[in-house]
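Visitor: This structure is in structure tokens; I'll ask about it shortly.
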Amino acid sequence: MRAIHIPQILNAPDKTISIDVAEHLLDLETLTPVKGELSVRHRGTFLEVSATANAIMTLECDRCLQSYNTRIQIDTSEILWLEEPAPVESSQEEVELEDLVESLPPQGYFKPDEWLYEQMCLAIPQKQICTAECKGIEITNNPPAKIDDRWAALSMLRQQLSE
């Protein structure tokens with residue numbers, strides 16, 4: 001996907017550019033290409049970006065450490081303000097609450113592939129569980145019958161500390 005020059009969006013019908021997506025995104029490891037639609041609408045002082053997309057990814061279960069495939073889906077929208085960045089005067093500047101929004105320069109470029117990558121990453125579940133019934137790795141409380149001789153000194157120290 002190519003970057004979109006923001007003033008070019010004003011010349012599009014309804015000031016909207018729609019993109020059909022069917023490709024692998026750089027740095028996002030998916031089994032299938034990311035498929036969906038992305039729309040960028042120019043609203044004068046801001047861009048309204050929305051997308052619906054999905055892909056299949058291989059994740060690792062946090063409980064049993066087995067790999068499993070899952071579908072990652074997004075149906076999201078975001079407002080990106082159009083304003084020139086303020087010059088940075090010092091590295092220890094206090095950040096105001098209204099500065100904690102995403103903004104782009106009005107004569108700059110919008111990169112749909114980067115935006116879509118960020119949205120797909122946000123859709124990856126934080127708690128990765130293969131199934132609801134997953135019990136995880138079974139832990140046995142039985143110590144091994146024979147201890148490796150290389151660990152004998154550590155075993156003796158452990159016994160002395162427990163006494």
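Letters A, B, ... go to the chains of the structure tokens in the order shown; residues in each chain start at 1; ligands are counted from 1 in the same order.
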Could you list, as a PyMOL selection string, every residue within 8 Å of A:Ile129, counting only C-alpha atoms and ignoring same-chain residues fewer than 5 positions away?

Guide: chain A and resi 60-63+134

Visitor: Can you pull out every residue from chain A that DSSP, working from the backbone, puts in strand (DSSP E or B), and format the result as a PyMOL selection string?

Guide: chain A and resi 4-5+16-23+34-42+46-60+67-82+103-104+109-110

Visitor: Between A:Glu48, A:Glu29, A:Glu163, A:Glu37, which has the minimum distance to A:Ser77 (counting only C-alpha atoms)?

Guide: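 Of A:Glu48, A:Glu29, A:Glu163, A:Glu37, the one nearest A:Ser77, counting only C-alpha atoms, is A:Glu48.
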
Visitor: Determine, counting only C-alpha atoms, which protein, DNA and RNA residues have an atom within 8 Å of an atom of A:Thr30; residues of the same chain fewer than 3 positions away are not included. Present the result as a count of residues only.

Guide: 7

Visitor: Nearest to A:Tyr68 among A:Thr131, A:Pro85, A:Phe46, A:Arg2, with distances taken over only C-alpha atoms: which residue is it?

Guide: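 When distances to A:Tyr68 are compared using only C-alpha atoms, the smallest one comes from A:Thr131.
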
Visitor: With a cut-off of 9 Å, could you pull out the residues of stretch 55-88 of chain A touching stretch 102-114 of chain A and give me the nearest pair of atoms for each, distance in Å to one decimal, using only C-alpha atoms, ordered by chain and ascending number, as a tab-separated table?

Guide:
```
residue	atom	partner	partner_atom	distance
A:Ile79	CA	A:Glu102	CA	7.8
A:Leu80	CA	A:Ser103	CA	5.1
A:Trp81	CA	A:Ser103	CA	4.4
A:Leu82	CA	A:Leu104	CA	5.0
A:Glu83	CA	A:Pro105	CA	5.0
A:Glu84	CA	A:Pro105	CA	4.7
A:Pro85	CA	A:Pro105	CA	6.8
```

Visitor: List every residue of stretch 41-134 of chain A that DSSP, applied to the backbone of this structure, places in helix (DSSP H, G or I), and write the result as a VMD selection string.

Guide: chain A and resid 97 to 99 112 to 123

Visitor: Take the selection from the previous step and output its residues with N, CA and C atoms, as a PDB file, in the first residue's frame.

Guide:
```pdb
ATOM      1  N   LEU A  97      -3.139  17.145  28.217  1.00  0.00           N
ATOM      2  CA  LEU A  97      -4.055  16.061  27.889  1.00  0.00           C
ATOM      3  C   LEU A  97      -4.479  16.100  26.421  1.00  0.00           C
ATOM      4  N   GLU A  98      -4.716  17.292  25.889  1.00  0.00           N
ATOM      5  CA  GLU A  98      -5.152  17.398  24.491  1.00  0.00           C
ATOM      6  C   GLU A  98      -4.039  17.057  23.506  1.00  0.00           C
ATOM      7  N   ASP A  99      -2.797  16.981  23.976  1.00  0.00           N
ATOM      8  CA  ASP A  99      -1.684  16.597  23.104  1.00  0.00           C
ATOM      9  C   ASP A  99      -1.556  15.085  22.968  1.00  0.00           C
ATOM     10  N   PRO A 112      -1.456   4.056   5.120  1.00  0.00           N
ATOM     11  CA  PRO A 112      -2.501   3.104   5.510  1.00  0.00           C
ATOM     12  C   PRO A 112      -1.955   1.763   5.991  1.00  0.00           C
ATOM     13  N   ASP A 113      -0.827   1.313   5.444  1.00  0.00           N
ATOM     14  CA  ASP A 113      -0.285   0.026   5.874  1.00  0.00           C
ATOM     15  C   ASP A 113       0.188   0.080   7.326  1.00  0.00           C
ATOM     16  N   GLU A 114       0.809   1.184   7.732  1.00  0.00           N
ATOM     17  CA  GLU A 114       1.254   1.328   9.120  1.00  0.00           C
ATOM     18  C   GLU A 114       0.060   1.420  10.067  1.00  0.00           C
ATOM     19  N   TRP A 115      -0.965   2.168   9.670  1.00  0.00           N
ATOM     20  CA  TRP A 115      -2.150   2.316  10.505  1.00  0.00           C
ATOM     21  C   TRP A 115      -2.846   0.964  10.668  1.00  0.00           C
ATOM     22  N   LEU A 116      -2.979   0.217   9.570  1.00  0.00           N
ATOM     23  CA  LEU A 116      -3.626  -1.090   9.618  1.00  0.00           C
ATOM     24  C   LEU A 116      -2.808  -2.068  10.458  1.00  0.00           C
ATOM     25  N   TYR A 117      -1.491  -2.007  10.335  1.00  0.00           N
ATOM     26  CA  TYR A 117      -0.611  -2.853  11.152  1.00  0.00           C
ATOM     27  C   TYR A 117      -0.845  -2.582  12.645  1.00  0.00           C
ATOM     28  N   GLU A 118      -0.910  -1.317  13.020  1.00  0.00           N
ATOM     29  CA  GLU A 118      -1.132  -0.955  14.424  1.00  0.00           C
ATOM     30  C   GLU A 118      -2.475  -1.483  14.922  1.00  0.00           C
ATOM     31  N   GLN A 119      -3.510  -1.355  14.101  1.00  0.00           N
ATOM     32  CA  GLN A 119      -4.840  -1.818  14.503  1.00  0.00           C
ATOM     33  C   GLN A 119      -4.881  -3.338  14.639  1.00  0.00           C
ATOM     34  N   MET A 120      -4.220  -4.051  13.729  1.00  0.00           N
ATOM     35  CA  MET A 120      -4.179  -5.516  13.805  1.00  0.00           C
ATOM     36  C   MET A 120      -3.409  -5.957  15.054  1.00  0.00           C
ATOM     37  N   CYS A 121      -2.329  -5.274  15.379  1.00  0.00           N
ATOM     38  CA  CYS A 121      -1.560  -5.610  16.584  1.00  0.00           C
ATOM     39  C   CYS A 121      -2.398  -5.398  17.842  1.00  0.00           C
ATOM     40  N   LEU A 122      -3.206  -4.345  17.854  1.00  0.00           N
ATOM     41  CA  LEU A 122      -4.071  -4.091  19.003  1.00  0.00           C
ATOM     42  C   LEU A 122      -5.156  -5.155  19.142  1.00  0.00           C
ATOM     43  N   ALA A 123      -5.496  -5.839  18.052  1.00  0.00           N
ATOM     44  CA  ALA A 123      -6.537  -6.864  18.079  1.00  0.00           C
ATOM     45  C   ALA A 123      -6.017  -8.228  18.524  1.00  0.00           C
TER      46      ALA A 123
END
```

Visitor: Go through A:Ile74, A:Val101, A:Ile6, A:Ala53 one by one, measure the shortest atom-to-atom distance of each to A:Ala22 using only C-alpha atoms, and give the residue with the smallest value.

Guide: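 Going through A:Ile74, A:Val101, A:Ile6, A:Ala53 one by one, the smallest distance to A:Ala22 is for A:Ala53.
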
Visitor: Please report the interatomic distance between atom CA of A:Thr70 and atom CA of A:Ala132 in Å with one decimal.

Guide: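 Answer for the atom CA of A:Thr70 to atom CA of A:Ala132 separation: 13.4 Å.
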
Visitor: Report the distance between atom CA of A:Thr52 and atom CA of A:Ser67 in Å, rounded to one decimal place.

Guide: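 We find that atom CA of A:Thr52 and atom CA of A:Ser67 lie 25.8 Å from each other.
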